[in-house]
$ cat input-v2.cif   # mmCIF, C-alpha atoms
data_target
loop_
_atom_site.label_atom_id
_atom_site.label_comp_id
_atom_site.auth_asym_id
_atom_site.auth_seq_id
_atom_site.Cartn_x
_atom_site.Cartn_y
_atom_site.Cartn_z
CA MET A 141 10.90 -24.57 7.59
CA ILE A 142 14.34 -25.64 6.30
CA LYS A 143 17.07 -25.57 8.95
CA ILE A 144 20.30 -23.81 7.92
CA ASP A 145 23.58 -25.03 9.42
CA THR A 146 25.78 -21.97 10.06
CA LYS A 147 28.69 -23.74 11.82
CA GLY A 148 31.13 -23.49 8.91
CA TYR A 149 30.51 -19.78 8.26
CA LYS A 150 33.43 -17.33 8.08
CA ILE A 151 33.53 -13.73 9.28
CA PHE A 152 34.12 -10.86 6.86
CA SER A 153 33.94 -7.08 7.09
CA PHE A 154 31.36 -5.43 4.87
CA GLY A 155 34.25 -3.71 3.08
CA GLU A 156 35.47 -7.18 2.07
CA ILE A 157 31.98 -8.33 1.08
CA ALA A 158 31.19 -5.35 -1.15
CA SER A 159 32.55 -2.19 -2.75
CA ASN A 160 31.10 1.28 -2.57
CA ILE A 161 30.69 2.57 -6.15
CA SER A 162 30.83 6.37 -6.24
CA GLU A 163 31.05 7.18 -9.96
CA ARG A 164 29.52 10.67 -10.34
CA VAL A 165 27.26 11.74 -13.19
CA LYS A 166 25.44 14.97 -14.08
CA PRO A 167 21.94 14.21 -15.44
CA GLN A 168 22.25 16.80 -18.21
CA ASP A 169 25.53 15.27 -19.45
CA THR A 170 24.49 11.62 -19.77
CA ASP A 171 22.92 9.54 -22.54
CA LEU A 172 21.45 7.17 -19.95
CA ASP A 173 17.66 7.21 -19.80
CA ILE A 174 16.84 5.76 -16.35
CA TYR A 175 16.94 7.54 -13.00
CA VAL A 176 16.09 5.95 -9.64
CA GLY A 177 15.49 8.09 -6.58
CA LEU A 178 14.82 6.87 -3.05
CA GLU A 179 11.14 7.52 -3.75
CA HIS A 180 11.23 4.79 -6.40
CA LEU A 181 12.44 2.12 -3.96
CA ASP A 182 9.82 0.13 -2.07
CA PRO A 183 10.61 -0.80 1.56
CA GLU A 184 11.72 -4.42 2.04
CA CYS A 185 11.56 -5.11 -1.71
CA ILE A 186 14.52 -6.46 -3.69
CA HIS A 187 13.12 -5.35 -7.05
CA ILE A 188 13.03 -1.81 -8.47
CA LYS A 189 9.53 -1.48 -9.89
CA ARG A 190 9.33 2.27 -10.48
CA LYS A 191 11.75 4.57 -12.29
CA GLY A 192 12.16 8.14 -13.45
CA ILE A 193 14.25 9.82 -16.13
CA PRO A 194 17.41 11.95 -15.73
CA SER A 195 15.66 15.12 -16.95
CA ASP A 196 13.44 14.87 -13.83
CA VAL A 197 16.34 15.84 -11.57
CA LYS A 198 19.24 18.24 -11.12
CA GLY A 199 22.57 18.01 -9.36
CA THR A 200 25.24 15.32 -9.36
CA LYS A 201 24.00 11.72 -9.21
CA LEU A 202 25.57 8.26 -8.98
CA ARG A 203 26.16 5.90 -11.90
CA VAL A 204 24.72 2.39 -11.53
CA TYR A 205 25.26 -0.79 -13.52
CA THR A 206 23.34 -4.05 -13.84
CA GLY A 207 23.91 -6.15 -10.72
CA ASP A 208 24.59 -3.22 -8.36
CA ILE A 209 22.41 -2.55 -5.31
CA ILE A 210 20.95 0.90 -4.70
CA PHE A 211 20.75 1.15 -0.91
CA GLY A 212 19.02 4.04 0.86
CA LYS A 213 21.81 5.21 3.17
CA ARG A 214 19.58 8.02 4.42
CA ARG A 215 16.84 6.82 6.81
CA ALA A 216 18.05 3.21 6.61
CA TYR A 217 15.18 2.19 8.92
CA GLN A 218 12.97 2.37 5.80
CA ARG A 219 14.86 -0.72 4.54
CA LYS A 220 15.08 0.41 0.93
CA ALA A 221 17.52 -1.57 -1.24
CA GLY A 222 16.89 -2.48 -4.88
CA LEU A 223 18.72 -4.76 -7.30
CA VAL A 224 19.67 -2.90 -10.50
CA ASP A 225 18.74 -4.62 -13.78
CA PHE A 226 19.63 -1.69 -16.05
CA ASP A 227 22.34 0.89 -16.66
CA GLY A 228 21.38 4.29 -15.30
CA ILE A 229 21.82 6.84 -12.53
CA CYS A 230 20.47 7.13 -9.00
CA SER A 231 20.09 9.59 -6.15
CA ALA A 232 23.23 10.73 -4.35
CA HIS A 233 21.31 10.07 -1.12
CA ALA A 234 21.72 6.38 -1.92
CA MET A 235 24.78 4.20 -1.56
CA VAL A 236 25.66 2.06 -4.59
CA VAL A 237 27.18 -1.22 -3.44
CA ARG A 238 28.58 -4.02 -5.58
CA ALA A 239 29.23 -7.60 -4.43
CA ASN A 240 32.80 -8.90 -4.25
CA SER A 241 32.26 -12.22 -6.05
CA ASP A 242 35.29 -13.77 -4.31
CA ILE A 243 33.41 -13.48 -0.99
CA ILE A 244 29.69 -13.46 -1.84
CA LEU A 245 27.87 -14.49 -4.99
CA PRO A 246 26.20 -11.51 -6.69
CA GLU A 247 22.95 -13.52 -6.88
CA LEU A 248 22.93 -13.98 -3.08
CA PHE A 249 24.06 -10.44 -2.27
CA PRO A 250 20.60 -8.75 -2.58
CA PHE A 251 19.17 -11.14 0.03
CA PHE A 252 22.09 -10.47 2.37
CA ILE A 253 21.41 -6.73 2.10
CA HIS A 254 17.76 -7.36 3.08
CA SER A 255 18.66 -9.51 6.09
CA ASP A 256 17.91 -8.27 9.60
CA ALA A 257 21.60 -8.77 10.43
CA PHE A 258 22.66 -6.20 7.83
CA MET A 259 19.74 -3.77 8.12
CA HIS A 260 19.87 -3.59 11.91
CA ARG A 261 23.61 -2.91 11.78
CA ALA A 262 23.10 -0.24 9.11
CA ILE A 263 20.52 1.48 11.30
CA ASP A 264 22.82 1.27 14.34
CA VAL A 265 25.71 3.02 12.57
CA SER A 266 23.54 5.78 11.07
CA GLU A 267 24.40 9.29 12.24
CA GLY A 268 22.07 12.23 12.74
CA SER A 269 18.67 12.76 14.30
CA LEU A 270 16.28 14.25 11.72
CA SER A 271 17.66 12.38 8.72
CA PRO A 272 20.13 9.72 9.94
CA THR A 273 22.70 8.80 7.29
CA ILE A 274 25.34 6.08 6.93
CA LYS A 275 29.02 6.71 6.18
CA TRP A 276 30.72 4.06 4.06
CA LYS A 277 33.92 4.04 6.15
CA ILE A 278 31.96 3.08 9.26
CA LEU A 279 29.69 0.54 7.57
CA ALA A 280 32.69 -1.05 5.82
CA GLU A 281 34.17 -2.03 9.21
CA GLU A 282 31.07 -3.95 10.34
CA LYS A 283 31.54 -7.75 10.52
CA PHE A 284 29.18 -10.42 9.18
CA LYS A 285 29.17 -14.22 8.89
CA LEU A 286 28.80 -15.83 5.47
CA PRO A 287 28.60 -19.41 4.17
CA SER A 288 31.15 -20.83 1.71
CA LEU A 289 30.72 -20.03 -1.99
CA PRO A 290 29.48 -23.58 -2.87
CA GLU A 291 26.84 -23.29 -0.11
CA GLN A 292 25.90 -19.83 -1.32
CA LYS A 293 24.94 -21.16 -4.75
CA SER A 294 22.30 -23.58 -3.42
CA LEU A 295 21.00 -20.96 -0.96
CA ALA A 296 20.70 -18.34 -3.70
CA ASP A 297 18.80 -20.81 -5.91
CA LEU A 298 16.41 -21.52 -3.04
CA LEU A 299 15.78 -17.84 -2.28
CA TRP A 300 15.25 -16.91 -5.93
CA SER A 301 12.75 -19.75 -6.35
CA VAL A 302 10.72 -18.36 -3.44
CA ASP A 303 11.07 -14.86 -4.88
CA GLU A 304 9.85 -16.09 -8.27
CA ALA A 305 6.71 -17.54 -6.65
CA SER A 306 6.06 -14.22 -4.93
CA GLU A 307 6.59 -12.20 -8.13
CA LYS A 308 4.29 -14.49 -10.12
CA GLY A 309 1.70 -13.94 -7.41
CA GLN A 310 2.15 -10.17 -7.75
CA LYS A 311 1.60 -10.33 -11.52
CA LEU A 312 -1.51 -12.49 -11.04
CA LEU A 313 -2.80 -10.07 -8.41
CA SER A 314 -2.25 -7.11 -10.74
CA ASN A 315 -4.16 -8.87 -13.54
CA ILE A 316 -7.08 -9.73 -11.25
CA GLU A 317 -7.23 -6.14 -9.99
CA ILE A 318 -7.28 -4.82 -13.58
CA PHE A 319 -10.07 -7.31 -14.39
CA GLN A 320 -11.98 -6.08 -11.33
CA GLN A 321 -11.68 -2.45 -12.44
CA VAL A 322 -12.86 -3.32 -15.97
CA LYS A 323 -15.88 -5.31 -14.74
CA MET A 324 -16.85 -2.63 -12.22
CA LYS A 325 -16.77 -0.04 -15.00
CA GLN A 326 -18.88 -2.24 -17.27
CA MET A 327 -21.43 -3.00 -14.56
CA LEU A 328 -21.57 0.20 -12.50
CA ASP A 329 -20.89 3.08 -14.92
CA ALA A 330 -24.14 4.36 -16.49
CA LYS A 331 -22.29 6.12 -19.34
CA HIS A 332 -20.46 2.93 -20.23
CA LEU A 333 -23.70 0.91 -20.19
CA ILE A 334 -25.55 3.44 -22.36
CA LYS A 335 -22.64 3.57 -24.81
CA ASP A 336 -22.52 -0.23 -24.95
CA LYS A 337 -26.28 -0.95 -25.07
CA GLY A 338 -27.77 2.30 -26.39
CA SER A 339 -29.73 2.88 -23.17
CA LEU A 340 -29.92 1.64 -19.59
CA PRO A 341 -31.52 -1.81 -19.14
CA LYS A 342 -35.22 -1.83 -18.27
CA GLY A 343 -35.85 -0.87 -14.64
CA TRP A 344 -32.37 0.63 -14.18
CA GLU A 345 -32.00 4.26 -13.07
CA GLU A 346 -29.28 6.76 -12.32
CA LYS A 347 -29.91 8.71 -9.11
CA ARG A 348 -28.23 11.44 -7.11
CA ILE A 349 -27.26 10.68 -3.54
CA SER A 350 -29.62 13.50 -2.46
CA GLU A 351 -32.50 11.41 -3.89
CA LEU A 352 -31.39 8.27 -2.07
CA GLY A 353 -30.76 9.60 1.42
CA VAL A 354 -29.24 12.24 3.67
CA VAL A 355 -25.53 13.00 4.04
CA SER A 356 -24.32 14.47 7.32
CA THR A 357 -21.20 15.25 9.29
CA SER A 358 -20.37 14.42 12.90
CA SER A 359 -19.25 16.48 15.88
CA VAL A 360 -17.49 13.60 17.67
CA ASP A 361 -13.72 13.93 18.05
CA LYS A 362 -11.05 11.73 19.63
CA LYS A 363 -11.19 13.36 23.08
CA THR A 364 -12.55 11.98 26.33
CA LYS A 365 -14.34 14.32 28.72
CA LYS A 366 -15.35 13.83 32.34
CA GLY A 367 -19.00 13.03 32.86
CA GLU A 368 -19.58 11.89 29.28
CA LYS A 369 -20.37 8.34 28.17
CA ILE A 370 -17.48 6.25 26.76
CA ILE A 371 -18.42 4.81 23.37
CA ASN A 372 -16.94 3.28 20.19
CA LEU A 373 -15.79 5.63 17.45
CA ILE A 374 -15.46 4.70 13.78
CA ASN A 375 -12.49 6.74 12.66
CA TYR A 376 -10.94 7.77 9.33
CA MET A 377 -8.51 4.83 9.20
CA ASP A 378 -11.30 2.29 9.84
CA VAL A 379 -12.79 3.41 6.53
CA TYR A 380 -9.62 4.19 4.58
CA LYS A 381 -7.88 0.88 5.35
CA SER A 382 -10.93 -1.39 5.05
CA LYS A 383 -10.19 -3.99 2.35
CA ASP A 384 -13.62 -5.61 2.36
CA LYS A 385 -15.43 -2.25 2.74
CA LYS A 386 -17.36 -3.44 5.79
CA ILE A 387 -17.80 -2.11 9.32
CA ILE A 388 -18.73 -4.98 11.66
CA ASN A 389 -19.07 -5.65 15.38
CA ASN A 390 -15.82 -7.52 16.03
CA MET A 391 -13.63 -4.62 14.86
CA GLU A 392 -11.46 -2.84 17.44
CA PHE A 393 -12.77 0.72 17.61
CA MET A 394 -11.28 3.76 19.27
CA LYS A 395 -12.84 4.61 22.64
CA VAL A 396 -13.97 8.22 23.14
CA SER A 397 -16.61 10.12 25.07
CA ALA A 398 -19.83 11.65 23.76
CA ASN A 399 -22.66 13.75 25.13
CA LYS A 400 -26.37 12.93 24.87
CA ASN A 401 -26.88 15.00 21.71
CA GLN A 402 -23.98 13.29 19.92
CA LEU A 403 -25.28 9.85 20.96
CA ILE A 404 -28.55 10.66 19.20
CA LYS A 405 -27.26 12.46 16.08
CA ASN A 406 -24.04 10.58 15.30
CA GLN A 407 -25.00 6.96 15.98
CA VAL A 408 -24.46 4.63 13.01
CA ARG A 409 -26.82 1.86 12.04
CA LYS A 410 -26.88 -1.05 9.64
CA GLY A 411 -26.90 0.14 6.01
CA ASP A 412 -25.17 3.49 6.56
CA VAL A 413 -22.32 4.34 4.20
CA LEU A 414 -19.31 6.21 5.61
CA PHE A 415 -17.01 8.28 3.37
CA THR A 416 -13.58 9.87 3.84
CA PRO A 417 -14.13 13.51 2.74
CA SER A 418 -10.48 14.56 2.89
CA SER A 419 -7.03 13.28 1.98
CA GLU A 420 -3.52 14.53 1.26
CA THR A 421 -4.00 13.89 -2.47
CA SER A 422 -7.02 14.12 -4.79
CA ASP A 423 -6.34 10.59 -6.08
CA ASP A 424 -6.81 9.17 -2.60
CA ILE A 425 -10.10 10.73 -1.53
CA GLY A 426 -13.69 9.51 -1.16
CA HIS A 427 -13.11 5.99 0.14
CA SER A 428 -16.19 4.39 1.69
CA THR A 429 -17.37 1.47 3.80
CA VAL A 430 -20.79 0.08 4.65
CA VAL A 431 -22.01 -0.48 8.22
CA TYR A 432 -22.89 -4.17 7.98
CA GLU A 433 -24.46 -4.72 11.37
CA ASP A 434 -26.33 -2.73 13.99
CA LEU A 435 -23.58 -1.55 16.33
CA LEU A 436 -24.34 -0.74 19.95
CA GLU A 437 -23.38 2.83 20.92
CA THR A 438 -21.00 3.34 18.01
CA LEU A 439 -20.60 6.80 16.51
CA TYR A 440 -18.72 8.12 13.48
CA SER A 441 -15.87 10.63 13.64
CA TYR A 442 -15.97 14.25 12.47
CA HIS A 443 -13.36 13.14 9.90
CA LEU A 444 -16.10 11.20 8.07
CA VAL A 445 -19.34 11.81 6.18
CA ARG A 446 -22.37 9.53 6.71
CA LEU A 447 -24.98 8.64 4.10
CA ARG A 448 -28.25 7.34 5.55
CA PHE A 449 -30.74 6.04 3.02
CA HIS A 450 -34.44 6.82 2.89
CA GLY A 451 -36.34 3.63 3.67
CA ASP A 452 -37.88 3.35 0.21
CA GLN A 453 -34.58 4.06 -1.55
CA ASP A 454 -32.27 1.61 0.22
CA LEU A 455 -29.86 -0.61 -1.73
CA ASP A 456 -28.50 -4.11 -1.30
CA LEU A 457 -25.73 -4.12 1.36
CA ASP A 458 -23.13 -5.73 -0.88
CA TYR A 459 -24.06 -3.56 -3.85
CA LYS A 460 -23.36 -0.46 -1.72
CA ARG A 461 -19.82 -1.69 -1.06
CA PHE A 462 -19.01 -1.72 -4.74
CA VAL A 463 -21.12 1.02 -6.32
CA PHE A 464 -19.47 3.68 -4.13
CA ASN A 465 -15.94 2.37 -4.75
CA ASN A 466 -16.06 1.92 -8.51
CA PRO A 467 -13.57 3.78 -10.76
CA ARG A 468 -16.10 6.38 -12.02
CA VAL A 469 -17.13 7.41 -8.49
CA MET A 470 -13.52 7.64 -7.29
CA ARG A 471 -12.69 9.76 -10.34
CA TYR A 472 -15.68 12.02 -9.58
CA PHE A 473 -14.44 12.59 -6.03
CA SER A 474 -10.90 13.25 -7.27
CA LEU A 475 -12.06 15.90 -9.74
CA ARG A 476 -14.39 17.62 -7.25
CA SER A 477 -11.89 17.81 -4.36
CA LYS A 478 -10.38 21.18 -3.48
CA GLY A 479 -7.48 22.33 -1.33
CA ILE A 480 -3.76 23.09 -1.19
CA THR A 481 -2.10 21.03 1.57
CA ARG A 482 -5.11 18.73 2.00
CA MET A 483 -7.85 17.96 -0.50
CA THR A 484 -11.45 18.06 0.75
CA LEU A 485 -15.02 17.41 -0.41
CA GLY A 486 -18.13 19.29 0.71
CA LEU A 487 -21.57 17.81 1.39
CA ALA A 488 -22.75 19.26 -1.94
CA ASP A 489 -20.16 17.12 -3.73
CA PHE A 490 -21.65 14.00 -2.15
CA ASN A 491 -25.25 15.09 -2.77
CA GLU A 492 -24.62 15.68 -6.46
CA LEU A 493 -22.91 12.33 -7.06
CA LYS A 494 -24.95 10.09 -9.38
CA ILE A 495 -24.87 6.31 -9.02
CA LEU A 496 -26.45 3.48 -10.96
CA VAL A 497 -29.53 1.93 -9.28
CA PRO A 498 -30.60 -1.37 -10.88
CA PRO A 499 -33.52 -3.49 -9.63
CA LEU A 500 -32.71 -5.37 -6.41
CA ASN A 501 -32.13 -8.73 -8.15
CA ASP A 502 -29.61 -7.14 -10.52
CA GLN A 503 -27.90 -5.41 -7.59
CA LYS A 504 -27.42 -8.82 -5.95
CA LYS A 505 -26.08 -10.40 -9.17
CA ILE A 506 -23.54 -7.59 -9.66
CA ALA A 507 -22.47 -7.72 -6.01
CA ASN A 508 -22.13 -11.52 -6.20
CA PHE A 509 -19.91 -11.36 -9.27
CA ILE A 510 -17.61 -8.69 -7.83
CA SER A 511 -17.48 -10.53 -4.47
CA ILE A 512 -16.03 -13.58 -6.25
CA ILE A 513 -13.28 -11.38 -7.74
CA ILE A 514 -12.58 -9.86 -4.30
CA LYS A 515 -12.24 -13.36 -2.79
CA ALA A 516 -9.71 -14.26 -5.49
CA ILE A 517 -7.74 -11.09 -4.70
CA VAL A 518 -7.71 -11.90 -0.97
CA LEU A 519 -6.59 -15.48 -1.70
CA VAL A 520 -3.70 -14.36 -3.92
CA GLU A 521 -2.67 -11.65 -1.43
CA ASP A 522 -2.56 -14.31 1.29
CA GLN A 523 -0.33 -16.54 -0.85
CA ILE A 524 2.03 -13.63 -1.61
CA LYS A 525 2.22 -12.81 2.08
CA LYS A 526 3.09 -16.44 2.90
CA SER A 527 5.82 -16.50 0.22
CA LYS A 528 7.32 -13.28 1.55
CA ASN A 529 7.25 -14.58 5.12
CA ILE A 530 9.01 -17.80 4.06
CA GLN A 531 11.62 -15.78 2.17
CA LYS A 532 12.22 -13.48 5.14
CA GLN A 533 12.59 -16.39 7.56
CA LEU A 534 15.07 -18.10 5.23
CA ILE A 535 17.12 -14.90 4.76
CA ASN A 536 17.37 -14.38 8.50
CA GLN A 537 18.29 -18.01 9.12
CA ILE A 538 21.06 -17.83 6.51
CA PHE A 539 22.55 -14.55 7.70
CA GLY A 540 21.42 -14.38 11.32
CA GLY A 541 24.11 -16.42 13.07
CA LYS A 542 25.98 -14.85 16.00
CA LEU A 543 29.54 -13.66 15.37
#
$ encode --input "input-v2.cif" --output "structure tokens"
Amino acid sequence: MIKIDTKGYKIFSFGEIASNISERVKPQDTDLDIYVGLEHLDPECIHIKRKGIPSDVKGTKLRVYTGDIIFGKRRAYQRKAGLVDFDGICSAHAMVVRANSDIILPELFPFFIHSDAFMHRAIDVSEGSLSPTIKWKILAEEKFKLPSLPEQKSLADLLWSVDEASEKGQKLLSNIEIFQQVKMKQMLDAKHLIKDKGSLPKGWEEKRISELGVVSTSSVDKKTKKGEKIINLINYMDVYKSKDKKIINNMEFMKVSANKNQLIKNQVRKGDVLFTPSSETSDDIGHSTVVYEDLLETLYSYHLVRLRFHGDQDLDLDYKRFVFNNPRVMRYFSLRSKGITRMTLGLADFNELKILVPPLNDQKKIANFISIIIKAIVLVEDQIKKSKNIQKQLINQIFGGKL
């Protein structure tokens, strides 16, 4: 890691470093066509990647110009601050700040805003309990150390080069993920195959889950009770957050208690598929993972649904990971889910789901191909993470000196 010499830094108040831009605009009275709310800002991300339009909102908003920073002054602990590369309007719950180029270069300013030194101070001066908010007058008095303008230029160039590497990685990742979705549709969607080839390949079938095995729910919750055996519990988040769609022995499971009946009925075994039957939104329901190993005294939570295959209908382990997480299946779950505050699926929804069942050799070929794509995704994600970590360390070295 590059060492930053902060000895020659000077101290400035934030009011000297930047201006608070409070130009008011009514959405219905503007010709501008971009609106950014706090919901469009990603935590710890310099770039604004999502936008709305003025007709989406009502009430007075703030005018923003190219080069400004939209900073989430409400709930600053979310660390939302995006660099504006357009002319538009933004939420009045944000603070629009503009670099004073006599003190800090505009190209370095976004990184300063994302430094721990600034963000921690912003959180400290926030007022309120339920929705802490920052007042400009208070934040403007806070003091920070900055390098000279000539130093700032080289530091900004360095940080933007790291950022560029990260953004290129993000674009590559997006392209690989799109490729994955396309290939999964081509390989795992019976309708797509029939449309493309006129019929399913020889030996291929489409079967309902009810033909392949038995789906069941669990009675095991997160509680511990005296006199009951302490066991491992596979919970909702173990399935929902699983990137590789596997449940294996070395995972850290929740510890709960279970009675004798639960130990018999709700034990998982190698080959079982676990689904998430509920979610806050219909687009985020029906995730699944495959139990990849025989797990000793490990049960599944009542927040999950288990599919156990009939012996003569079992599928390749890797194929299971992908066939139940392909775009058509996820769309099926989304359309079948019901609810108001939380969307849910019933056992009938799982039983009626149809999946493509090729011969075993074809299952392995498909799983192999998709596994290669998954490995590429993991590799790129790892590189992006490393770039972001380097950028964060550099930012905090540059702006983290003691006053």
$ closest_residue --input "input-v2.cif" --among "A:Gly426, A:Pro194, A:Gly411, A:Gly228" --to "Ile210 (chain A)" --atoms "all atoms listed in the file"
A:Gly228
$ resolve_selection --input "input-v2.cif" --expression "the PyMOL selection byres ((chain A and resi 186) around 12)" --output "PDB file with C-alpha atoms, in the coordinates of the input"
ATOM      1  CA  LEU A 181      12.440   2.120  -3.960  1.00  0.00           C
ATOM      2  CA  ASP A 182       9.820   0.130  -2.070  1.00  0.00           C
ATOM      3  CA  PRO A 183      10.610  -0.800   1.560  1.00  0.00           C
ATOM      4  CA  GLU A 184      11.720  -4.420   2.040  1.00  0.00           C
ATOM      5  CA  CYS A 185      11.560  -5.110  -1.710  1.00  0.00           C
ATOM      6  CA  HIS A 187      13.120  -5.350  -7.050  1.00  0.00           C
ATOM      7  CA  ILE A 188      13.030  -1.810  -8.470  1.00  0.00           C
ATOM      8  CA  LYS A 189       9.530  -1.480  -9.890  1.00  0.00           C
ATOM      9  CA  GLY A 207      23.910  -6.150 -10.720  1.00  0.00           C
ATOM     10  CA  ASP A 208      24.590  -3.220  -8.360  1.00  0.00           C
ATOM     11  CA  ILE A 209      22.410  -2.550  -5.310  1.00  0.00           C
ATOM     12  CA  ILE A 210      20.950   0.900  -4.700  1.00  0.00           C
ATOM     13  CA  PHE A 211      20.750   1.150  -0.910  1.00  0.00           C
ATOM     14  CA  ARG A 219      14.860  -0.720   4.540  1.00  0.00           C
ATOM     15  CA  LYS A 220      15.080   0.410   0.930  1.00  0.00           C
ATOM     16  CA  ALA A 221      17.520  -1.570  -1.240  1.00  0.00           C
ATOM     17  CA  GLY A 222      16.890  -2.480  -4.880  1.00  0.00           C
ATOM     18  CA  LEU A 223      18.720  -4.760  -7.300  1.00  0.00           C
ATOM     19  CA  VAL A 224      19.670  -2.900 -10.500  1.00  0.00           C
ATOM     20  CA  ASP A 225      18.740  -4.620 -13.780  1.00  0.00           C
ATOM     21  CA  GLU A 247      22.950 -13.520  -6.880  1.00  0.00           C
ATOM     22  CA  LEU A 248      22.930 -13.980  -3.080  1.00  0.00           C
ATOM     23  CA  PHE A 249      24.060 -10.440  -2.270  1.00  0.00           C
ATOM     24  CA  PRO A 250      20.600  -8.750  -2.580  1.00  0.00           C
ATOM     25  CA  PHE A 251      19.170 -11.140   0.030  1.00  0.00           C
ATOM     26  CA  PHE A 252      22.090 -10.470   2.370  1.00  0.00           C
ATOM     27  CA  ILE A 253      21.410  -6.730   2.100  1.00  0.00           C
ATOM     28  CA  HIS A 254      17.760  -7.360   3.080  1.00  0.00           C
ATOM     29  CA  SER A 255      18.660  -9.510   6.090  1.00  0.00           C
ATOM     30  CA  LEU A 299      15.780 -17.840  -2.280  1.00  0.00           C
ATOM     31  CA  TRP A 300      15.250 -16.910  -5.930  1.00  0.00           C
ATOM     32  CA  ASP A 303      11.070 -14.860  -4.880  1.00  0.00           C
ATOM     33  CA  GLU A 304       9.850 -16.090  -8.270  1.00  0.00           C
ATOM     34  CA  SER A 306       6.060 -14.220  -4.930  1.00  0.00           C
ATOM     35  CA  GLU A 307       6.590 -12.200  -8.130  1.00  0.00           C
ATOM     36  CA  LYS A 528       7.320 -13.280   1.550  1.00  0.00           C
ATOM     37  CA  GLN A 531      11.620 -15.780   2.170  1.00  0.00           C
ATOM     38  CA  LYS A 532      12.220 -13.480   5.140  1.00  0.00           C
TER      39      LYS A 532
END
$ resolve_selection --input "input-v2.cif" --expression "the PyMOL selection byres ((chain A and resi 470) around 12)" --output "PyMOL selection string"
chain A and resi 321+324-325+329+415-417+422-428+462-469+471-477+490+493-495
$ residues_around --input "input-v2.cif" --residues "Ser153 (chain A)" --least-positions-apart "6" --cutoff "6 Å" --atoms "only C-alpha atoms" --output "list in words"
Glu281, Glu282 and Lys283 of chain A
$ write_last_selection --input "input-v2.cif" --atoms "C-alpha atoms" --output "mmCIF file, keeping the file's coordinate frame"
data_model
loop_
_atom_site.group_PDB
_atom_site.id
_atom_site.type_symbol
_atom_site.label_atom_id
_atom_site.label_comp_id
_atom_site.auth_asym_id
_atom_site.auth_seq_id
_atom_site.Cartn_x
_atom_site.Cartn_y
_atom_site.Cartn_z
ATOM 1 C CA GLU A 281 34.170 -2.030 9.210
ATOM 2 C CA GLU A 282 31.070 -3.950 10.340
ATOM 3 C CA LYS A 283 31.540 -7.750 10.520
#
$ residues_around --input "input-v2.cif" --residues "Tyr205 (chain A)" --least-positions-apart "6" --cutoff "12 Å" --atoms "all atoms listed in the file" --output "PyMOL selection string"
chain A and resi 161-163+172+174-175+223-230+236-238
$ resolve_selection --input "input-v2.cif" --expression "the PyMOL selection byres ((chain A and resi 459) around 12)" --output "PyMOL selection string"
chain A and resi 324+327-328+385-386+411+413+429-430+432+454-458+460-466+495-511
$ residues_around --input "input-v2.cif" --residues "Lys166 (chain A)" --least-positions-apart "5" --cutoff "7 Å" --atoms "all atoms listed in the file" --output "compact mmCIF listing (two decimals) with C-alpha atoms, in the coordinates of the input"
# COMPACT_ATOMS: atom_id res chain seq x y z
CA GLY A 199 22.57 18.01 -9.36
CA THR A 200 25.24 15.32 -9.36
CA LYS A 201 24.00 11.72 -9.21
$ residues_around --input "input-v2.cif" --residues "Lys366 (chain A)" --least-positions-apart "6" --cutoff "12 Å" --atoms "all atoms listed in the file" --output "tab-separated table (two decimals) with C-alpha atoms, keeping the file's coordinate frame"
chain	number	residue	atom	x	y	z
A	396	VAL	CA	-13.97	8.22	23.14
A	397	SER	CA	-16.61	10.12	25.07
A	398	ALA	CA	-19.83	11.65	23.76
A	399	ASN	CA	-22.66	13.75	25.13
$ axis_aligned_box --input "input-v2.cif" --around "region 282-299 of chain A" --padding-each-side "3 Å" --output "AutoDock Vina command-line options"
--center_x 23.7 --center_y -13.8 --center_z 2.3 --size_x 21.8 --size_y 25.6 --size_z 22.4
$ residues_around --input "input-v2.cif" --residues "Ser356 (chain A)" --least-positions-apart "5" --cutoff "8 Å" --atoms "only C-alpha atoms" --output "ChimeraX atom specification"
/A:445-447,487
$ atom_distance --input "input-v2.cif" --atom1 "CA of Ala488 (chain A)" --atom2 "CA of Ser359 (chain A)"
18.4 Å
$ closest_residue --input "input-v2.cif" --among "A:Gly479, A:Gly212, A:Pro290, A:Gly486" --to "Thr357 (chain A)" --atoms "only C-alpha atoms"
A:Gly486
$ atom_distance --input "input-v2.cif" --atom1 "CA of Ala234 (chain A)" --atom2 "CA of Gly177 (chain A)"
8.0 Å
$ closest_residue --input "input-v2.cif" --among "A:Ile334, A:Ile349, A:Ala262, A:Ile244" --to "Lys150 (chain A)" --atoms "all atoms listed in the file"
A:Ile244
$ closest_residue --input "input-v2.cif" --among "A:Lys383, A:Lys525, A:Lys147, A:Lys478" --to "Ser288 (chain A)" --atoms "only C-alpha atoms"
A:Lys147
$ closest_atom_pairs --input "input-v2.cif" --of "region 255-369 of chain A" --to "region 513-518 of chain A" --cutoff "8 Å" --atoms "all atoms listed in the file" --output "CSV"
residue,atom,partner,partner_atom,distance
A:Leu313,CA,A:Ile517,CA,6.3
A:Ile316,CA,A:Ile517,CA,6.7
A:Glu317,CA,A:Ile517,CA,7.3
A:Gln320,CA,A:Ile513,CA,6.5
$ closest_residue --input "input-v2.cif" --among "A:Ala158, A:Ser294, A:Leu352, A:Arg261" --to "Met235 (chain A)" --atoms "only C-alpha atoms"
A:Ala158
$ closest_residue --input "input-v2.cif" --among "A:Arg448, A:Arg215, A:Lys526, A:Arg190" --to "Glu351 (chain A)" --atoms "only C-alpha atoms"
A:Arg448
$ atom_distance --input "input-v2.cif" --atom1 "CA of Thr484 (chain A)" --atom2 "CA of Val408 (chain A)"
22.4 Å
